[in-house]
Amino acid sequence: MSKKILTWMVSALSGGALLCGQAALAAQQQDFSKVQIKVTNISGNIYMLEGAGGNIGASVGDDGIVIVDDQFAPTGGQIQAALKDLKITDKPVRFVINTHYHGDHTGGNVAVQ
């Protein structure tokens, strides 16, 4: 492998790590108490929740709720409140499906269950 290619690869990896670190820092500095969860009915009992970070998919049934992703940990209470405000079920979140490992998709795993 040439020195030029190796230098480029190291630069690319370092830049990616720097961007990930900056994103994590930005998430830590965000005031999550001001986040408002917007709920959109997609079809029937399928909803999309928007707030801070990645969107959340929710399937609400009589036996409980399945969500896809769950944003950052500090938004867990707001997410739970938004789901209860739907007044479709009094059952809790039973399953969380994570699409990938980023904190804006997995941070609330513990908080919403």
# chains A, B, ... in the order shown; residues from 1 in each chain; ligands from 1
$ residues_around --residues "region 76-87 of chain A" --least-positions-apart "2" --cutoff "7 Å" --atoms "only C-alpha atoms" --output "list in words"
Ile37, Ala73, Pro74, Thr89, Asp90, Gly108, Ala111 and Val112 of chain A
$ residues_around --residues "Val66 (chain A)" --least-positions-apart "6" --cutoff "8 Å" --atoms "only C-alpha atoms" --output "list in words"
Ala58, Ser59, Val60, Val93, Arg94, Phe95, Val96 and Ile97 of chain A
$ residues_around --residues "Tyr101 (chain A)" --least-positions-apart "4" --cutoff "12 Å" --atoms "only C-alpha atoms" --output "list in words"
Gly54, Asp69, Asp70, Gln71, Phe72, Ile97, His105, Thr106, Gly107, Gly108 and Asn109 of chain A
$ closest_residue --among "A:Ser33, A:Thr99, A:Asn41, A:Gln113" --to "Gly64 (chain A)" --atoms "only C-alpha atoms"
A:Gln113
$ closest_residue --among "A:His100, A:Pro92, A:Asp62, A:Gln36" --to "Glu50 (chain A)" --atoms "only C-alpha atoms"
A:Gln36
$ select_by_dssp --residues "region 20-78 of chain A" --states "alpha helix (DSSP H)" --output "NGL selection string"
:A and (20-29 or 76-78)
$ select_by_dssp --residues "region 35-73 of chain A" --states "strand (DSSP E)" --output "list in words"
Lys38, Val39, Thr40, Asn41, Ile42, Ser43, Ile46, Tyr47, Met48, Leu49, Glu50, Ile56, Gly57, Ala58, Ser59, Val60, Gly61, Gly64, Ile65, Val66, Ile67 and Val68 of chain A
$ write_last_selection --atoms "N, CA, C and O atoms" --output "PDB file, in the first residue's frame"
ATOM      1  N   LYS A  38     -43.550  15.426  18.756  1.00  0.00           N
ATOM      2  CA  LYS A  38     -44.654  15.587  17.808  1.00  0.00           C
ATOM      3  C   LYS A  38     -45.078  14.197  17.350  1.00  0.00           C
ATOM      4  O   LYS A  38     -44.246  13.401  16.916  1.00  0.00           O
ATOM      5  N   VAL A  39     -46.350  13.903  17.448  1.00  0.00           N
ATOM      6  CA  VAL A  39     -46.884  12.594  17.066  1.00  0.00           C
ATOM      7  C   VAL A  39     -47.714  12.745  15.793  1.00  0.00           C
ATOM      8  O   VAL A  39     -48.593  13.594  15.715  1.00  0.00           O
ATOM      9  N   THR A  40     -47.418  11.893  14.814  1.00  0.00           N
ATOM     10  CA  THR A  40     -48.157  11.876  13.560  1.00  0.00           C
ATOM     11  C   THR A  40     -48.740  10.490  13.348  1.00  0.00           C
ATOM     12  O   THR A  40     -48.012   9.497  13.426  1.00  0.00           O
ATOM     13  N   ASN A  41     -50.047  10.423  13.108  1.00  0.00           N
ATOM     14  CA  ASN A  41     -50.680   9.142  12.802  1.00  0.00           C
ATOM     15  C   ASN A  41     -50.373   8.802  11.351  1.00  0.00           C
ATOM     16  O   ASN A  41     -50.675   9.567  10.444  1.00  0.00           O
ATOM     17  N   ILE A  42     -49.757   7.654  11.139  1.00  0.00           N
ATOM     18  CA  ILE A  42     -49.412   7.206   9.793  1.00  0.00           C
ATOM     19  C   ILE A  42     -50.580   6.448   9.177  1.00  0.00           C
ATOM     20  O   ILE A  42     -51.019   6.741   8.077  1.00  0.00           O
ATOM     21  N   SER A  43     -51.103   5.483   9.917  1.00  0.00           N
ATOM     22  CA  SER A  43     -52.228   4.681   9.446  1.00  0.00           C
ATOM     23  C   SER A  43     -52.697   3.794  10.590  1.00  0.00           C
ATOM     24  O   SER A  43     -51.887   3.098  11.205  1.00  0.00           O
ATOM     25  N   ILE A  46     -50.534   2.985  13.773  1.00  0.00           N
ATOM     26  CA  ILE A  46     -49.111   3.190  13.491  1.00  0.00           C
ATOM     27  C   ILE A  46     -48.815   4.683  13.546  1.00  0.00           C
ATOM     28  O   ILE A  46     -49.495   5.489  12.894  1.00  0.00           O
ATOM     29  N   TYR A  47     -47.798   5.046  14.332  1.00  0.00           N
ATOM     30  CA  TYR A  47     -47.474   6.451  14.555  1.00  0.00           C
ATOM     31  C   TYR A  47     -45.993   6.714  14.332  1.00  0.00           C
ATOM     32  O   TYR A  47     -45.164   5.814  14.449  1.00  0.00           O
ATOM     33  N   MET A  48     -45.685   7.983  14.052  1.00  0.00           N
ATOM     34  CA  MET A  48     -44.305   8.449  14.011  1.00  0.00           C
ATOM     35  C   MET A  48     -44.171   9.533  15.075  1.00  0.00           C
ATOM     36  O   MET A  48     -45.006  10.440  15.153  1.00  0.00           O
ATOM     37  N   LEU A  49     -43.125   9.420  15.883  1.00  0.00           N
ATOM     38  CA  LEU A  49     -42.835  10.422  16.891  1.00  0.00           C
ATOM     39  C   LEU A  49     -41.548  11.133  16.505  1.00  0.00           C
ATOM     40  O   LEU A  49     -40.556  10.478  16.172  1.00  0.00           O
ATOM     41  N   GLU A  50     -41.562  12.445  16.541  1.00  0.00           N
ATOM     42  CA  GLU A  50     -40.392  13.254  16.241  1.00  0.00           C
ATOM     43  C   GLU A  50     -40.046  14.079  17.480  1.00  0.00           C
ATOM     44  O   GLU A  50     -40.939  14.548  18.177  1.00  0.00           O
ATOM     45  N   ILE A  56     -39.118   8.029  15.695  1.00  0.00           N
ATOM     46  CA  ILE A  56     -39.554   6.797  16.346  1.00  0.00           C
ATOM     47  C   ILE A  56     -40.796   6.290  15.632  1.00  0.00           C
ATOM     48  O   ILE A  56     -41.723   7.057  15.369  1.00  0.00           O
ATOM     49  N   GLY A  57     -40.826   5.007  15.330  1.00  0.00           N
ATOM     50  CA  GLY A  57     -42.028   4.370  14.824  1.00  0.00           C
ATOM     51  C   GLY A  57     -42.708   3.674  15.987  1.00  0.00           C
ATOM     52  O   GLY A  57     -42.039   3.101  16.847  1.00  0.00           O
ATOM     53  N   ALA A  58     -44.030   3.734  16.055  1.00  0.00           N
ATOM     54  CA  ALA A  58     -44.751   3.078  17.146  1.00  0.00           C
ATOM     55  C   ALA A  58     -45.962   2.341  16.594  1.00  0.00           C
ATOM     56  O   ALA A  58     -46.731   2.894  15.809  1.00  0.00           O
ATOM     57  N   SER A  59     -46.101   1.099  17.009  1.00  0.00           N
ATOM     58  CA  SER A  59     -47.288   0.304  16.711  1.00  0.00           C
ATOM     59  C   SER A  59     -47.991   0.081  18.046  1.00  0.00           C
ATOM     60  O   SER A  59     -47.446  -0.559  18.945  1.00  0.00           O
ATOM     61  N   VAL A  60     -49.181   0.645  18.172  1.00  0.00           N
ATOM     62  CA  VAL A  60     -49.903   0.630  19.445  1.00  0.00           C
ATOM     63  C   VAL A  60     -51.047  -0.360  19.354  1.00  0.00           C
ATOM     64  O   VAL A  60     -51.906  -0.254  18.477  1.00  0.00           O
ATOM     65  N   GLY A  61     -51.054  -1.321  20.284  1.00  0.00           N
ATOM     66  CA  GLY A  61     -52.120  -2.324  20.302  1.00  0.00           C
ATOM     67  C   GLY A  61     -52.688  -2.493  21.686  1.00  0.00           C
ATOM     68  O   GLY A  61     -52.188  -1.931  22.660  1.00  0.00           O
ATOM     69  N   GLY A  64     -50.090  -3.869  24.117  1.00  0.00           N
ATOM     70  CA  GLY A  64     -48.858  -3.133  24.371  1.00  0.00           C
ATOM     71  C   GLY A  64     -48.383  -2.373  23.157  1.00  0.00           C
ATOM     72  O   GLY A  64     -49.077  -2.309  22.138  1.00  0.00           O
ATOM     73  N   ILE A  65     -47.206  -1.818  23.291  1.00  0.00           N
ATOM     74  CA  ILE A  65     -46.640  -0.952  22.262  1.00  0.00           C
ATOM     75  C   ILE A  65     -45.285  -1.496  21.827  1.00  0.00           C
ATOM     76  O   ILE A  65     -44.478  -1.914  22.656  1.00  0.00           O
ATOM     77  N   VAL A  66     -45.050  -1.474  20.525  1.00  0.00           N
ATOM     78  CA  VAL A  66     -43.748  -1.796  19.948  1.00  0.00           C
ATOM     79  C   VAL A  66     -43.228  -0.503  19.335  1.00  0.00           C
ATOM     80  O   VAL A  66     -43.951   0.157  18.589  1.00  0.00           O
ATOM     81  N   ILE A  67     -41.995  -0.126  19.687  1.00  0.00           N
ATOM     82  CA  ILE A  67     -41.417   1.064  19.074  1.00  0.00           C
ATOM     83  C   ILE A  67     -40.140   0.705  18.325  1.00  0.00           C
ATOM     84  O   ILE A  67     -39.450  -0.257  18.672  1.00  0.00           O
ATOM     85  N   VAL A  68     -39.869   1.481  17.302  1.00  0.00           N
ATOM     86  CA  VAL A  68     -38.642   1.333  16.526  1.00  0.00           C
ATOM     87  C   VAL A  68     -37.802   2.564  16.817  1.00  0.00           C
ATOM     88  O   VAL A  68     -38.198   3.679  16.467  1.00  0.00           O
TER      89      VAL A  68
END
